[in-house]
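Notes for the one structure printed next.
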Amino acid sequence: MKLATWNVNSLKVRLPHLTDWLAKVQPDIVCLQELKLEDAKFPRAELEAAGYQAAFSGQKTYNGVAILARTGLSDVSVGMAGFADEQKRVIAASVSGVRAVCVYCPNGQAVGSEKYDYKLRWFAALKEYLAAELARYPQLAVAGDFNVAPDDRDVHDPKAWEGQVHVSEPERAAWRVLLALGLNDTFRLFEQPEKIYSWWDYRMMGFRRNAGLRIDHILVSQELANRCTASGIDKEPRKLERPSDHAPAFAEFDR
DNA sequence: ATGGCTACGATCCGTAGA
């Protein structure tokens with residue numbers, strides 16, 4: 001089983017990239033973020049033609065999340081219980097025995113800003129939400145754009161980024177709280193090459209210089225970690241014309 | 001020291017992303 005997450009930065013613009021990539025990579029479950037479209041405009045027919053069912057929670061202009069699966073998408077839930085939020089950032093569904101949670105964590109804009117406070121509150125709610133999900137679903141995967149680079153290894157220039165949003169200590173502490181629940185970063189379950197990132201700034205030739213951050217992650221419960229056979233980031237779609245600024249991350253499991 | 005792209009929606013620039 002192959003599970004992937006991709007912040008597409010507008011599903012409307014990226015749909016051709018997505019369908020090409022689905023045909024090539026053949027993932028079983030895909031979590032998407034930043035759809036930037038309302039549900040009425042979700043390209044359900046195009047994705048069905050590509051062989052995927054979809055559960056989605058969108059809104060105009062910003063945010064929006066979806067889960068795609070080849071078969072058997074069930075028990076869809078939207079948002080985090082107990083955390084009222086206008087912003088569509090969370091959707092969950094069950095697929096062939098796995099509970100998949102798709103998250104688009106807040107950006108945070110700048111340390112100390114109102115949006116940064118919202119980000120930290122949002123992560124506190126995520127911890128509570130995932131603790132309950134873990135209790136209910138032993139085979140849990142949480143995939144999405146976390147907007148946190150967990151370690152200096154995940155940052156192209158740690159000196160330049162020190163203390164900035166995405167790498168600040170409170171954000172990294174919020175990440176460690178998720179790991180302390182019993183979740184595992186699938187990327188770090190295996191030896192990985194150095195300087196692997198999932199996001200590169202559109203500006204200043206960020207991708208060409210590999211000036212990136214690893215902020216898109218797949219966390220899994222211990223039961224799923226035991227089944228994990230591979231993980232990585234697929235840079236290929238970032239090389240295309242008019243790409244998303246994020247590349248897909250993936251994890252593979254033995255059945 | 002600043003802004004550098006891209007997407008979006010309402011204009012012909014502002015907001016947001018990261």
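Chain labels A, B, ... are given in the sequence in which chains occur in the structure tokens; within each chain residues are numbered consecutively from 1, and ligands are likewise numbered from 1 in the order shown.
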
Next on the checklist: For A:Phe253, find every residue with an atom within 7 Å (counting only C-alpha atoms (C1' of nucleotides)), except residues of its own chain fewer than 2 positions away, and show them as a PyMOL selection string.
Outcome noted: chain A and resi 1-2+227-229+251+255

Those same residues, written as an mmCIF file, in the first residue's frame with N, CA and C atoms?
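Written file, out.cif:
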data_model
loop_
_atom_site.group_PDB
_atom_site.id
_atom_site.type_symbol
_atom_site.label_atom_id
_atom_site.label_comp_id
_atom_site.auth_asym_id
_atom_site.auth_seq_id
_atom_site.Cartn_x
_atom_site.Cartn_y
_atom_site.Cartn_z
ATOM 1 N N MET A 1 0.829 -1.187 0.000
ATOM 2 C CA MET A 1 0.000 0.000 0.000
ATOM 3 C C MET A 1 0.871 1.247 0.000
ATOM 4 N N LYS A 2 0.530 2.167 -0.867
ATOM 5 C CA LYS A 2 1.296 3.414 -0.954
ATOM 6 C C LYS A 2 0.406 4.586 -0.574
ATOM 7 N N ARG A 227 4.843 -1.859 9.722
ATOM 8 C CA ARG A 227 4.574 -2.347 8.359
ATOM 9 C C ARG A 227 5.226 -1.487 7.282
ATOM 10 N N CYS A 228 5.852 -0.392 7.677
ATOM 11 C CA CYS A 228 6.380 0.563 6.698
ATOM 12 C C CYS A 228 7.660 0.030 6.055
ATOM 13 N N THR A 229 7.707 0.045 4.727
ATOM 14 C CA THR A 229 8.847 -0.533 4.008
ATOM 15 C C THR A 229 9.688 0.502 3.265
ATOM 16 N N ALA A 251 4.820 7.164 1.624
ATOM 17 C CA ALA A 251 5.276 6.047 2.464
ATOM 18 C C ALA A 251 4.615 4.781 1.932
ATOM 19 N N ARG A 255 1.395 -4.491 2.644
ATOM 20 C CA ARG A 255 -0.019 -4.881 2.515
ATOM 21 C C ARG A 255 -0.961 -3.748 2.833
#

Next on the checklist: Need to verify the contact set: stretch 92-105 of chain A, 9 Å, only C-alpha atoms (C1' of nucleotides), exclusion of same-chain residues closer than 4 positions in sequence. Can you return it as a ChimeraX atom specification?
Outcome noted: /A:5,7,28-34,55,63-67,69,71-79,88,119,122-123,130,133,137-148,224

Can you write out the residues you just picked, keeping N, CA and C atoms, as a tab-separated table (two decimals), in the first residue's frame?
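Listed below is the output, out-v2.tsv:
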chain	number	residue	atom	x	y	z
A	5	THR	N	1.11	12.37	0.35
A	5	THR	CA	0.51	13.67	0.68
A	5	THR	C	1.11	14.72	-0.23
A	7	ASN	N	0.63	19.03	-1.09
A	7	ASN	CA	0.03	20.36	-1.10
A	7	ASN	C	0.08	20.84	-2.55
A	28	ASP	N	-2.28	4.41	-3.36
A	28	ASP	CA	-3.57	3.88	-2.92
A	28	ASP	C	-4.38	4.93	-2.18
A	29	ILE	N	-3.68	5.76	-1.40
A	29	ILE	CA	-4.34	6.83	-0.64
A	29	ILE	C	-3.54	8.11	-0.85
A	30	VAL	N	-4.23	9.20	-1.15
A	30	VAL	CA	-3.56	10.48	-1.35
A	30	VAL	C	-4.26	11.56	-0.53
A	31	CYS	N	-3.48	12.27	0.28
A	31	CYS	CA	-3.99	13.42	1.02
A	31	CYS	C	-3.56	14.69	0.29
A	32	LEU	N	-4.52	15.56	0.03
A	32	LEU	CA	-4.24	16.80	-0.70
A	32	LEU	C	-4.54	18.00	0.19
A	33	GLN	N	-3.74	19.06	0.03
A	33	GLN	CA	-3.97	20.29	0.78
A	33	GLN	C	-3.94	21.50	-0.17
A	34	GLU	N	-4.47	22.60	0.36
A	34	GLU	CA	-4.59	23.86	-0.40
A	34	GLU	C	-5.30	23.66	-1.74
A	55	ALA	N	-12.96	12.22	-0.86
A	55	ALA	CA	-13.67	12.91	0.22
A	55	ALA	C	-13.00	14.26	0.34
A	63	ASN	N	-7.03	27.37	1.80
A	63	ASN	CA	-7.17	26.08	2.52
A	63	ASN	C	-7.83	25.01	1.65
A	64	GLY	N	-8.55	24.10	2.27
A	64	GLY	CA	-9.21	23.01	1.54
A	64	GLY	C	-8.36	21.76	1.53
A	65	VAL	N	-8.97	20.63	1.93
A	65	VAL	CA	-8.26	19.35	2.02
A	65	VAL	C	-9.12	18.25	1.40
A	66	ALA	N	-8.43	17.19	0.95
A	66	ALA	CA	-9.14	16.06	0.36
A	66	ALA	C	-8.36	14.78	0.60
A	67	ILE	N	-9.08	13.66	0.58
A	67	ILE	CA	-8.45	12.34	0.60
A	67	ILE	C	-8.95	11.59	-0.63
A	69	ALA	N	-8.81	7.87	-2.74
A	69	ALA	CA	-8.51	6.45	-2.57
A	69	ALA	C	-9.07	5.68	-3.75
A	71	THR	N	-10.30	2.68	-3.71
A	71	THR	CA	-11.55	2.00	-3.33
A	71	THR	C	-11.83	2.17	-1.85
A	72	GLY	N	-13.08	2.00	-1.49
A	72	GLY	CA	-13.46	1.79	-0.10
A	72	GLY	C	-13.19	2.93	0.86
A	73	LEU	N	-13.48	4.14	0.42
A	73	LEU	CA	-13.36	5.31	1.30
A	73	LEU	C	-14.62	5.36	2.18
A	74	SER	N	-14.44	5.34	3.50
A	74	SER	CA	-15.62	5.34	4.36
A	74	SER	C	-15.39	6.15	5.64
A	75	ASP	N	-16.46	6.34	6.40
A	75	ASP	CA	-16.40	7.03	7.69
A	75	ASP	C	-15.65	8.36	7.62
A	76	VAL	N	-16.07	9.20	6.70
A	76	VAL	CA	-15.42	10.50	6.51
A	76	VAL	C	-15.80	11.44	7.65
A	77	SER	N	-14.80	12.13	8.16
A	77	SER	CA	-15.07	13.15	9.18
A	77	SER	C	-14.30	14.42	8.84
A	78	VAL	N	-14.91	15.56	9.08
A	78	VAL	CA	-14.34	16.86	8.70
A	78	VAL	C	-14.04	17.68	9.94
A	79	GLY	N	-12.89	18.29	9.99
A	79	GLY	CA	-12.52	19.15	11.11
A	79	GLY	C	-12.11	18.37	12.34
A	88	LYS	N	-10.88	25.29	6.50
A	88	LYS	CA	-10.98	23.86	6.19
A	88	LYS	C	-9.59	23.25	6.11
A	119	LYS	N	-1.62	29.24	15.05
A	119	LYS	CA	-0.91	28.01	14.69
A	119	LYS	C	-0.64	27.15	15.93
A	122	TRP	N	-3.80	25.76	17.29
A	122	TRP	CA	-4.26	24.72	16.37
A	122	TRP	C	-3.51	23.41	16.62
A	123	PHE	N	-2.21	23.50	16.84
A	123	PHE	CA	-1.42	22.30	17.13
A	123	PHE	C	-1.82	21.66	18.46
A	130	LEU	N	-5.71	13.91	17.81
A	130	LEU	CA	-5.01	12.70	17.40
A	130	LEU	C	-4.90	11.68	18.53
A	133	GLU	N	-8.05	9.86	18.20
A	133	GLU	CA	-8.03	9.02	16.99
A	133	GLU	C	-7.17	7.77	17.21
A	137	TYR	N	-8.31	4.13	16.60
A	137	TYR	CA	-7.79	3.49	15.38
A	137	TYR	C	-6.31	3.16	15.55
A	138	PRO	N	-5.98	1.92	15.84
A	138	PRO	CA	-4.56	1.56	16.02
A	138	PRO	C	-3.73	1.76	14.75
A	139	GLN	N	-4.38	1.66	13.59
A	139	GLN	CA	-3.65	1.82	12.33
A	139	GLN	C	-3.91	3.22	11.79
A	140	LEU	N	-3.21	4.18	12.36
A	140	LEU	CA	-3.46	5.59	12.05
A	140	LEU	C	-2.32	6.20	11.23
A	141	ALA	N	-2.69	6.93	10.20
A	141	ALA	CA	-1.72	7.71	9.43
A	141	ALA	C	-2.18	9.16	9.40
A	142	VAL	N	-1.26	10.07	9.69
A	142	VAL	CA	-1.56	11.50	9.66
A	142	VAL	C	-0.63	12.13	8.63
A	143	ALA	N	-1.21	12.58	7.54
A	143	ALA	CA	-0.39	13.06	6.43
A	143	ALA	C	-0.81	14.45	6.02
A	144	GLY	N	0.18	15.28	5.72
A	144	GLY	CA	-0.18	16.61	5.26
A	144	GLY	C	0.97	17.60	5.29
A	145	ASP	N	0.58	18.86	5.11
A	145	ASP	CA	1.51	19.97	5.19
A	145	ASP	C	1.48	20.47	6.63
A	146	PHE	N	2.53	20.16	7.39
A	146	PHE	CA	2.58	20.54	8.81
A	146	PHE	C	3.13	21.95	9.00
A	147	ASN	N	3.77	22.47	7.99
A	147	ASN	CA	4.38	23.80	8.11
A	147	ASN	C	5.35	23.89	9.29
A	148	VAL	N	6.00	22.76	9.58
A	148	VAL	CA	7.07	22.73	10.58
A	148	VAL	C	8.21	21.88	10.01
A	224	LEU	N	1.40	0.77	12.24
A	224	LEU	CA	1.67	1.06	10.83
A	224	LEU	C	3.17	1.21	10.58

Determine, for each residue of chain A having at least one atom at most 7 Å from an atom of chain B, the closest pair of atoms and their separation in Å to one decimal, counting only C-alpha atoms (C1' of nucleotides); order by chain and ascending number, as CSV.
residue,atom,partner,partner_atom,distance
A:Thr61,CA,B:DC8,C1',5.8
A:Asn107,CA,B:DA18,C1',6.7
A:Tyr202,CA,B:DC5,C1',4.7
A:Arg203,CA,B:DC5,C1',4.7
A:Met204,CA,B:DG4,C1',5.7

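Running DSSP on the backbone gives strand (DSSP E or B) for these residues within stretch 46-86 of chain A: Gln53, Ala54, Ala55, Phe56, Ser57, Val65, Ala66, Ile67, Leu68, Ala69, Leu73, Ser74, Asp75, Val76, Ser77, Val78, Met80 and Phe83 of chain A.
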
Residues flagged helix (DSSP H, G or I) by DSSP in stretch 41-236 of chain A, as a PDB file with C-alpha atoms, in the first residue's frame:
ATOM      1  CA  LYS A  41     -15.992  23.098  -7.949  1.00  0.00           C
ATOM      2  CA  ARG A  44     -14.867  14.747  -8.813  1.00  0.00           C
ATOM      3  CA  ALA A  45     -15.566  13.414 -12.325  1.00  0.00           C
ATOM      4  CA  GLU A  46     -11.978  13.922 -13.499  1.00  0.00           C
ATOM      5  CA  LEU A  47     -10.616  12.094 -10.455  1.00  0.00           C
ATOM      6  CA  GLU A  48     -13.120   9.272 -10.817  1.00  0.00           C
ATOM      7  CA  ALA A  49     -11.997   8.922 -14.430  1.00  0.00           C
ATOM      8  CA  GLU A 114      -1.743  36.606  15.605  1.00  0.00           C
ATOM      9  CA  LYS A 115      -1.491  33.852  12.981  1.00  0.00           C
ATOM     10  CA  TYR A 116       1.429  32.325  14.854  1.00  0.00           C
ATOM     11  CA  ASP A 117      -0.684  32.166  18.021  1.00  0.00           C
ATOM     12  CA  TYR A 118      -3.450  30.531  16.008  1.00  0.00           C
ATOM     13  CA  LYS A 119      -0.911  28.008  14.694  1.00  0.00           C
ATOM     14  CA  LEU A 120       0.170  27.017  18.209  1.00  0.00           C
ATOM     15  CA  ARG A 121      -3.440  26.785  19.429  1.00  0.00           C
ATOM     16  CA  TRP A 122      -4.261  24.720  16.371  1.00  0.00           C
ATOM     17  CA  PHE A 123      -1.422  22.296  17.129  1.00  0.00           C
ATOM     18  CA  ALA A 124      -2.634  21.964  20.722  1.00  0.00           C
ATOM     19  CA  ALA A 125      -6.052  20.995  19.366  1.00  0.00           C
ATOM     20  CA  LEU A 126      -4.445  18.597  16.889  1.00  0.00           C
ATOM     21  CA  LYS A 127      -2.698  16.803  19.737  1.00  0.00           C
ATOM     22  CA  GLU A 128      -5.995  16.240  21.550  1.00  0.00           C
ATOM     23  CA  TYR A 129      -7.724  15.189  18.347  1.00  0.00           C
ATOM     24  CA  LEU A 130      -5.006  12.702  17.398  1.00  0.00           C
ATOM     25  CA  ALA A 131      -4.842  11.239  20.907  1.00  0.00           C
ATOM     26  CA  ALA A 132      -8.515  10.333  20.535  1.00  0.00           C
ATOM     27  CA  GLU A 133      -8.031   9.016  16.992  1.00  0.00           C
ATOM     28  CA  LEU A 134      -5.128   6.831  18.139  1.00  0.00           C
ATOM     29  CA  ALA A 135      -7.237   5.355  20.924  1.00  0.00           C
ATOM     30  CA  ARG A 136      -9.900   4.469  18.407  1.00  0.00           C
ATOM     31  CA  ASP A 152      17.920  21.433  11.252  1.00  0.00           C
ATOM     32  CA  ARG A 153      18.466  18.564   8.798  1.00  0.00           C
ATOM     33  CA  ASP A 154      15.136  19.574   7.311  1.00  0.00           C
ATOM     34  CA  PRO A 158      19.538  26.537   9.435  1.00  0.00           C
ATOM     35  CA  LYS A 159      21.487  29.691  10.330  1.00  0.00           C
ATOM     36  CA  ALA A 160      19.324  31.901   8.137  1.00  0.00           C
ATOM     37  CA  TRP A 161      16.135  30.234   9.379  1.00  0.00           C
ATOM     38  CA  GLU A 169      11.266  26.168  19.148  1.00  0.00           C
ATOM     39  CA  PRO A 170       7.553  26.315  20.105  1.00  0.00           C
ATOM     40  CA  GLU A 171       6.633  24.876  16.703  1.00  0.00           C
ATOM     41  CA  ARG A 172       9.196  22.107  17.012  1.00  0.00           C
ATOM     42  CA  ALA A 173       7.963  21.410  20.532  1.00  0.00           C
ATOM     43  CA  ALA A 174       4.422  21.056  19.138  1.00  0.00           C
ATOM     44  CA  TRP A 175       5.805  18.552  16.622  1.00  0.00           C
ATOM     45  CA  ARG A 176       7.529  16.555  19.373  1.00  0.00           C
ATOM     46  CA  VAL A 177       4.266  16.432  21.305  1.00  0.00           C
ATOM     47  CA  LEU A 178       2.754  14.599  18.325  1.00  0.00           C
ATOM     48  CA  LEU A 179       5.631  12.115  18.301  1.00  0.00           C
ATOM     49  CA  ALA A 180       5.169  11.609  22.050  1.00  0.00           C
ATOM     50  CA  THR A 186       7.933   7.763   8.279  1.00  0.00           C
ATOM     51  CA  PHE A 187      10.663   9.750   6.509  1.00  0.00           C
ATOM     52  CA  ARG A 188      13.062   9.093   9.402  1.00  0.00           C
ATOM     53  CA  LEU A 189      12.285   5.385   9.683  1.00  0.00           C
ATOM     54  CA  ARG A 203      11.253  33.112  -5.672  1.00  0.00           C
ATOM     55  CA  MET A 204      15.005  33.355  -6.110  1.00  0.00           C
ATOM     56  CA  MET A 205      15.187  30.040  -7.940  1.00  0.00           C
ATOM     57  CA  GLN A 222       3.441   2.097  15.837  1.00  0.00           C
ATOM     58  CA  GLU A 223       1.346  -0.639  14.194  1.00  0.00           C
ATOM     59  CA  LEU A 224       1.671   1.062  10.830  1.00  0.00           C
ATOM     60  CA  ALA A 225       5.339   1.903  11.407  1.00  0.00           C
ATOM     61  CA  ASN A 226       5.990  -1.810  11.842  1.00  0.00           C
ATOM     62  CA  ARG A 227       4.574  -2.347   8.359  1.00  0.00           C
ATOM     63  CA  GLU A 236       9.555  15.077 -10.117  1.00  0.00           C
TER      64      GLU A 236
END

Item to check | Neighbour list for A:Glu38 as a PyMOL selection string, cut-off 9 Å, only C-alpha atoms (C1' of nucleotides), skip fewer than 4 positions in-chain | outcome: chain A and resi 42+57-61+64

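Relative to atom CA of A:Val111, atom CA of A:Ser198 is found at 21.5 Å.
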